[in-house]
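Peer 1: One file: entry.cif (mmCIF, N, CA and C atoms).
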```cif
data_coords
loop_
_atom_site.label_atom_id
_atom_site.label_comp_id
_atom_site.auth_asym_id
_atom_site.auth_seq_id
_atom_site.Cartn_x
_atom_site.Cartn_y
_atom_site.Cartn_z
N MET A 118 -39.92 -79.27 -98.28
CA MET A 118 -40.92 -78.51 -98.96
C MET A 118 -40.29 -77.19 -99.38
N SER A 119 -40.64 -76.75 -100.56
CA SER A 119 -40.09 -75.52 -101.08
C SER A 119 -41.20 -74.60 -101.57
N LYS A 120 -40.82 -73.38 -101.89
CA LYS A 120 -41.78 -72.43 -102.43
C LYS A 120 -42.34 -72.95 -103.76
N ALA A 121 -41.51 -73.59 -104.57
CA ALA A 121 -41.96 -74.15 -105.85
C ALA A 121 -43.01 -75.24 -105.63
N PHE A 122 -42.82 -76.06 -104.60
CA PHE A 122 -43.79 -77.11 -104.30
C PHE A 122 -45.14 -76.50 -103.91
N ILE A 123 -45.10 -75.47 -103.05
CA ILE A 123 -46.33 -74.79 -102.64
C ILE A 123 -47.01 -74.15 -103.84
N ALA A 124 -46.24 -73.51 -104.70
CA ALA A 124 -46.81 -72.88 -105.91
C ALA A 124 -47.44 -73.93 -106.81
N LYS A 125 -46.83 -75.09 -106.94
CA LYS A 125 -47.37 -76.16 -107.78
C LYS A 125 -48.70 -76.66 -107.23
N VAL A 126 -48.79 -76.84 -105.92
CA VAL A 126 -50.03 -77.29 -105.29
C VAL A 126 -51.13 -76.25 -105.48
N ILE A 127 -50.79 -74.97 -105.31
CA ILE A 127 -51.77 -73.90 -105.52
C ILE A 127 -52.24 -73.89 -106.96
N GLN A 128 -51.31 -74.02 -107.89
CA GLN A 128 -51.66 -74.01 -109.31
C GLN A 128 -52.57 -75.17 -109.68
N GLU A 129 -52.27 -76.36 -109.19
CA GLU A 129 -53.08 -77.54 -109.53
C GLU A 129 -54.46 -77.50 -108.90
N SER A 130 -54.56 -76.90 -107.71
CA SER A 130 -55.85 -76.91 -107.03
C SER A 130 -56.76 -75.75 -107.43
N THR A 131 -56.21 -74.70 -108.03
CA THR A 131 -57.05 -73.54 -108.37
C THR A 131 -57.10 -73.22 -109.84
N SER A 132 -56.40 -73.93 -110.66
CA SER A 132 -56.33 -73.71 -112.12
C SER A 132 -55.97 -72.27 -112.48
N ILE A 133 -54.91 -71.75 -111.83
CA ILE A 133 -54.37 -70.45 -112.20
C ILE A 133 -53.01 -70.66 -112.84
N THR A 134 -52.45 -69.61 -113.41
CA THR A 134 -51.16 -69.73 -114.10
C THR A 134 -50.04 -69.98 -113.10
N GLY A 135 -48.94 -70.48 -113.59
CA GLY A 135 -47.78 -70.74 -112.74
C GLY A 135 -47.22 -69.48 -112.12
N THR A 136 -47.22 -68.38 -112.87
CA THR A 136 -46.73 -67.11 -112.36
C THR A 136 -47.59 -66.61 -111.21
N ALA A 137 -48.91 -66.70 -111.38
CA ALA A 137 -49.82 -66.26 -110.32
C ALA A 137 -49.70 -67.16 -109.09
N ALA A 138 -49.52 -68.45 -109.30
CA ALA A 138 -49.36 -69.38 -108.18
C ALA A 138 -48.06 -69.11 -107.43
N ASN A 139 -47.00 -68.80 -108.17
CA ASN A 139 -45.72 -68.48 -107.55
C ASN A 139 -45.83 -67.20 -106.72
N ARG A 140 -46.53 -66.21 -107.25
CA ARG A 140 -46.74 -64.96 -106.53
C ARG A 140 -47.57 -65.21 -105.27
N ALA A 141 -48.60 -66.05 -105.38
CA ALA A 141 -49.45 -66.38 -104.22
C ALA A 141 -48.65 -67.09 -103.15
N ALA A 142 -47.78 -68.01 -103.55
CA ALA A 142 -46.94 -68.73 -102.58
C ALA A 142 -46.00 -67.77 -101.88
N GLY A 143 -45.43 -66.84 -102.61
CA GLY A 143 -44.55 -65.83 -102.03
C GLY A 143 -45.28 -64.94 -101.04
N GLU A 144 -46.50 -64.52 -101.41
CA GLU A 144 -47.31 -63.68 -100.54
C GLU A 144 -47.71 -64.43 -99.27
N LEU A 145 -48.02 -65.71 -99.41
CA LEU A 145 -48.37 -66.54 -98.26
C LEU A 145 -47.20 -66.62 -97.28
N MET A 146 -46.03 -66.89 -97.79
CA MET A 146 -44.85 -66.99 -96.94
C MET A 146 -44.53 -65.65 -96.29
N ALA A 147 -44.67 -64.56 -97.03
CA ALA A 147 -44.41 -63.22 -96.47
C ALA A 147 -45.41 -62.89 -95.37
N ALA A 148 -46.67 -63.29 -95.55
CA ALA A 148 -47.69 -63.04 -94.53
C ALA A 148 -47.40 -63.83 -93.25
N ILE A 149 -46.92 -65.05 -93.40
CA ILE A 149 -46.57 -65.87 -92.23
C ILE A 149 -45.41 -65.23 -91.48
N VAL A 150 -44.38 -64.79 -92.19
CA VAL A 150 -43.23 -64.16 -91.56
C VAL A 150 -43.65 -62.86 -90.86
N LYS A 151 -44.50 -62.07 -91.51
CA LYS A 151 -44.98 -60.81 -90.93
C LYS A 151 -45.73 -61.08 -89.63
N GLU A 152 -46.58 -62.10 -89.62
CA GLU A 152 -47.34 -62.44 -88.41
C GLU A 152 -46.42 -62.92 -87.30
N MET A 153 -45.39 -63.70 -87.65
CA MET A 153 -44.45 -64.18 -86.64
C MET A 153 -43.66 -63.02 -86.05
N LYS A 154 -43.30 -62.04 -86.86
CA LYS A 154 -42.59 -60.87 -86.34
C LYS A 154 -43.47 -60.06 -85.41
N LYS A 155 -44.75 -59.94 -85.77
CA LYS A 155 -45.68 -59.11 -85.00
C LYS A 155 -46.13 -59.81 -83.71
N ALA A 156 -46.57 -61.05 -83.82
CA ALA A 156 -47.18 -61.74 -82.68
C ALA A 156 -46.23 -62.71 -81.97
N GLY A 157 -45.14 -63.09 -82.62
CA GLY A 157 -44.22 -64.05 -82.00
C GLY A 157 -44.58 -65.49 -82.24
N LYS A 158 -45.73 -65.74 -82.90
CA LYS A 158 -46.08 -67.12 -83.23
C LYS A 158 -47.10 -67.12 -84.37
N PHE A 159 -47.23 -68.28 -85.00
CA PHE A 159 -48.19 -68.46 -86.08
C PHE A 159 -48.74 -69.87 -85.98
N THR A 160 -50.07 -70.00 -85.95
CA THR A 160 -50.71 -71.30 -85.79
C THR A 160 -51.53 -71.64 -87.03
N LEU A 161 -51.33 -72.84 -87.52
CA LEU A 161 -52.17 -73.41 -88.56
C LEU A 161 -52.95 -74.55 -87.91
N PRO A 162 -54.25 -74.39 -87.70
CA PRO A 162 -55.02 -75.45 -87.06
C PRO A 162 -54.88 -76.77 -87.83
N SER A 163 -54.84 -77.84 -87.13
CA SER A 163 -54.67 -79.20 -87.67
C SER A 163 -53.29 -79.43 -88.27
N PHE A 164 -52.38 -78.46 -88.13
CA PHE A 164 -51.02 -78.64 -88.64
C PHE A 164 -50.00 -78.43 -87.52
N GLY A 165 -50.00 -77.23 -86.91
CA GLY A 165 -49.07 -76.98 -85.83
C GLY A 165 -48.85 -75.50 -85.59
N THR A 166 -47.89 -75.21 -84.71
CA THR A 166 -47.60 -73.84 -84.32
C THR A 166 -46.12 -73.54 -84.48
N PHE A 167 -45.82 -72.43 -85.12
CA PHE A 167 -44.47 -71.91 -85.24
C PHE A 167 -44.30 -70.84 -84.18
N THR A 168 -43.25 -70.91 -83.38
CA THR A 168 -43.03 -69.97 -82.30
C THR A 168 -41.63 -69.38 -82.41
N VAL A 169 -41.52 -68.07 -82.22
CA VAL A 169 -40.22 -67.39 -82.22
C VAL A 169 -39.70 -67.41 -80.79
N ARG A 170 -38.47 -67.87 -80.62
CA ARG A 170 -37.85 -67.91 -79.29
C ARG A 170 -36.51 -67.19 -79.33
N LYS A 171 -36.20 -66.54 -78.22
CA LYS A 171 -34.91 -65.87 -78.10
C LYS A 171 -33.87 -66.86 -77.60
N THR A 172 -32.65 -66.72 -78.13
CA THR A 172 -31.55 -67.54 -77.66
C THR A 172 -30.55 -66.66 -76.93
N LYS A 173 -29.93 -67.17 -75.90
CA LYS A 173 -28.97 -66.42 -75.11
C LYS A 173 -27.60 -66.46 -75.78
N ALA A 174 -26.79 -65.48 -75.47
CA ALA A 174 -25.40 -65.50 -75.92
C ALA A 174 -24.70 -66.66 -75.19
N ARG A 175 -23.78 -67.28 -75.88
CA ARG A 175 -23.11 -68.44 -75.29
C ARG A 175 -21.73 -68.60 -75.91
N LYS A 176 -20.96 -69.49 -75.32
CA LYS A 176 -19.64 -69.82 -75.85
C LYS A 176 -19.77 -71.05 -76.73
N GLY A 177 -19.00 -71.06 -77.81
CA GLY A 177 -19.01 -72.20 -78.70
C GLY A 177 -17.59 -72.54 -79.12
N LEU A 178 -17.46 -73.54 -79.96
CA LEU A 178 -16.16 -73.95 -80.47
C LEU A 178 -16.15 -73.89 -81.98
N ASN A 179 -15.07 -73.36 -82.52
CA ASN A 179 -14.86 -73.39 -83.95
C ASN A 179 -14.51 -74.84 -84.31
N PRO A 180 -15.33 -75.53 -85.11
CA PRO A 180 -15.07 -76.95 -85.37
C PRO A 180 -13.77 -77.20 -86.15
N ARG A 181 -13.33 -76.21 -86.90
CA ARG A 181 -12.12 -76.39 -87.70
C ARG A 181 -10.86 -76.28 -86.85
N THR A 182 -10.85 -75.28 -85.94
CA THR A 182 -9.64 -75.03 -85.17
C THR A 182 -9.75 -75.46 -83.70
N GLY A 183 -10.96 -75.67 -83.22
CA GLY A 183 -11.16 -76.02 -81.83
C GLY A 183 -11.09 -74.81 -80.91
N GLU A 184 -10.96 -73.64 -81.50
CA GLU A 184 -10.84 -72.39 -80.74
C GLU A 184 -12.19 -71.97 -80.17
N ALA A 185 -12.19 -71.42 -78.96
CA ALA A 185 -13.42 -70.94 -78.32
C ALA A 185 -13.86 -69.64 -78.99
N ILE A 186 -15.17 -69.53 -79.26
CA ILE A 186 -15.72 -68.31 -79.86
C ILE A 186 -16.97 -67.91 -79.08
N LYS A 187 -17.37 -66.65 -79.24
CA LYS A 187 -18.60 -66.16 -78.62
C LYS A 187 -19.70 -66.19 -79.67
N VAL A 188 -20.85 -66.76 -79.32
CA VAL A 188 -22.02 -66.79 -80.19
C VAL A 188 -22.99 -65.76 -79.65
N LYS A 189 -23.41 -64.82 -80.50
CA LYS A 189 -24.30 -63.74 -80.08
C LYS A 189 -25.70 -64.25 -79.77
N ALA A 190 -26.42 -63.50 -78.95
CA ALA A 190 -27.83 -63.80 -78.70
C ALA A 190 -28.60 -63.56 -79.99
N GLY A 191 -29.69 -64.26 -80.16
CA GLY A 191 -30.47 -64.12 -81.38
C GLY A 191 -31.86 -64.68 -81.21
N LYS A 192 -32.47 -65.01 -82.33
CA LYS A 192 -33.81 -65.60 -82.32
C LYS A 192 -33.79 -66.84 -83.19
N THR A 193 -34.68 -67.77 -82.86
CA THR A 193 -34.85 -68.98 -83.64
C THR A 193 -36.33 -69.31 -83.72
N VAL A 194 -36.70 -70.15 -84.65
CA VAL A 194 -38.10 -70.54 -84.83
C VAL A 194 -38.23 -72.00 -84.43
N ARG A 195 -39.23 -72.29 -83.60
CA ARG A 195 -39.54 -73.65 -83.17
C ARG A 195 -40.89 -74.04 -83.76
N PHE A 196 -41.07 -75.32 -84.01
CA PHE A 196 -42.33 -75.84 -84.53
C PHE A 196 -42.83 -76.94 -83.63
N LYS A 197 -44.11 -76.87 -83.29
CA LYS A 197 -44.74 -77.94 -82.52
C LYS A 197 -45.91 -78.47 -83.34
N ALA A 198 -45.85 -79.74 -83.68
CA ALA A 198 -46.89 -80.36 -84.50
C ALA A 198 -48.17 -80.54 -83.68
N SER A 199 -49.30 -80.37 -84.34
CA SER A 199 -50.59 -80.58 -83.67
C SER A 199 -50.85 -82.08 -83.51
N PRO A 200 -51.72 -82.44 -82.58
CA PRO A 200 -52.06 -83.86 -82.42
C PRO A 200 -52.65 -84.47 -83.69
N THR A 201 -53.41 -83.67 -84.44
CA THR A 201 -54.00 -84.16 -85.70
C THR A 201 -52.90 -84.53 -86.70
N LEU A 202 -51.88 -83.68 -86.81
CA LEU A 202 -50.78 -83.96 -87.72
C LEU A 202 -50.01 -85.20 -87.27
N LYS A 203 -49.77 -85.31 -85.97
CA LYS A 203 -49.05 -86.47 -85.46
C LYS A 203 -49.78 -87.77 -85.75
N LYS A 204 -51.11 -87.76 -85.64
CA LYS A 204 -51.89 -88.97 -85.92
C LYS A 204 -51.86 -89.33 -87.40
N SER A 205 -51.88 -88.32 -88.28
CA SER A 205 -51.95 -88.59 -89.70
C SER A 205 -50.62 -89.01 -90.30
N VAL A 206 -49.53 -88.73 -89.62
CA VAL A 206 -48.20 -89.10 -90.12
C VAL A 206 -47.81 -90.36 -89.47
#
```
Can you give me the file's structure in the form of structure tokens?
Peer 2:
Amino acid sequence: MSKAFIAKVIQESTSITGTAANRAAGELMAAIVKEMKKAGKFTLPSFGTFTVRKTKARKGLNPRTGEAIKVKAGKTVRFKASPTLKKSV
């Protein structure tokens, strides 16, 4: 799924221009990211929950050279599908 796909669905369902639909899709995505930064998670009922999780620093391997490298601690996003979504797919 892409931003263009979301904009197309918005445009077809609301009969607005493509530019306005693209702007709406961008604003929707920005609002989701803002909420995830603030609260650490974002839930869409009947769809699922996006959760921000911290990752620990760890050792890894450079696949090209096989050399050991250090991977910094960071954050990642996890998604858990709702039971409704699981049944419909």
Peer 1: Smallest atom-to-atom distance to Met153 (chain A): which of A:Glu129, A:Ala121, A:Lys176, A:Val169, using only C-alpha atoms?
Peer 2: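 Checking each of A:Glu129, A:Ala121, A:Lys176, A:Val169 against Met153 (chain A), counting only C-alpha atoms, the winner is A:Val169.
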Peer 1: If we count only C-alpha atoms, what is near region 132-147 of chain A at a cut-off of 8 Å, once residues fewer than 6 positions away on the same chain are taken out, given as a VMD selection string?
Peer 2: chain A and resid 120 to 121 123 to 125
Peer 1: Compare A:Thr166, A:Ser205, A:Thr172, A:Asn179 by their minimum atom-to-atom distance to Gly191 (chain A), counting all atoms listed in the file, and give me the closest one.
Peer 2: A:Thr172
Peer 1: Expand the PyMOL selection byres ((chain A and resi 174) around 8) into the individual residues it matches in the shown file, reporting them as a list in words.
Peer 2: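 Applying the expression gives Lys171, Thr172, Lys173, Arg175, Lys176, Gly177, Lys187, Val188, Lys189, Ala190 and Gly191 of chain A.
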Peer 1: Env of Ser163 (chain A): 8 Å cut, atoms = all atoms listed in the file, seq-sep filter 2 positions within chain, self excluded. Answer as a ChimeraX atom specification.
Peer 2: /A:160-161,165-166,198-203
Peer 1: Please write out, as lines of an AutoDock Vina configuration file, where the centre of an axis-aligned box around all listed atoms of region 148-155 of chain A lies and how long its edges are, in Å to one decimal, after adding 5 Å on each side.
Peer 2:
```
center_x = -45.1
center_y = -62.5
center_z = -89.6
size_x = 15.1
size_y = 16.8
size_z = 21.8
```
Peer 1: Check the DSSP output for the backbone and give back, as JSON, numbers by chain, the residues of chain A in strand (DSSP E or B).
Peer 2: {"A": [158, 159, 160, 161, 165, 166, 167, 168, 169, 170, 171, 172, 175, 176, 177, 178, 185, 186, 187, 188, 191, 192, 193, 194, 195, 196, 197, 198]}
Peer 1: So how many Å separate CA of Arg170 (chain A) and CA of Phe196 (chain A), to one decimal?
Peer 2: 10.5 Å
Peer 1: Between CA of Phe167 (chain A) and CA of Lys197 (chain A), what distance in Å does the model show, to one decimal?
Peer 2: 6.6 Å
Peer 1: Quick one, how far is CA of Arg195 (chain A) from atom N of Phe122 (chain A)?
Peer 2: 21.8 Å
Peer 1: Check the DSSP output for the backbone and give back, as a PyMOL selection string, the residues of chain A in helix (DSSP H, G or I).
Peer 2: chain A and resi 120-131+135-156+200-205
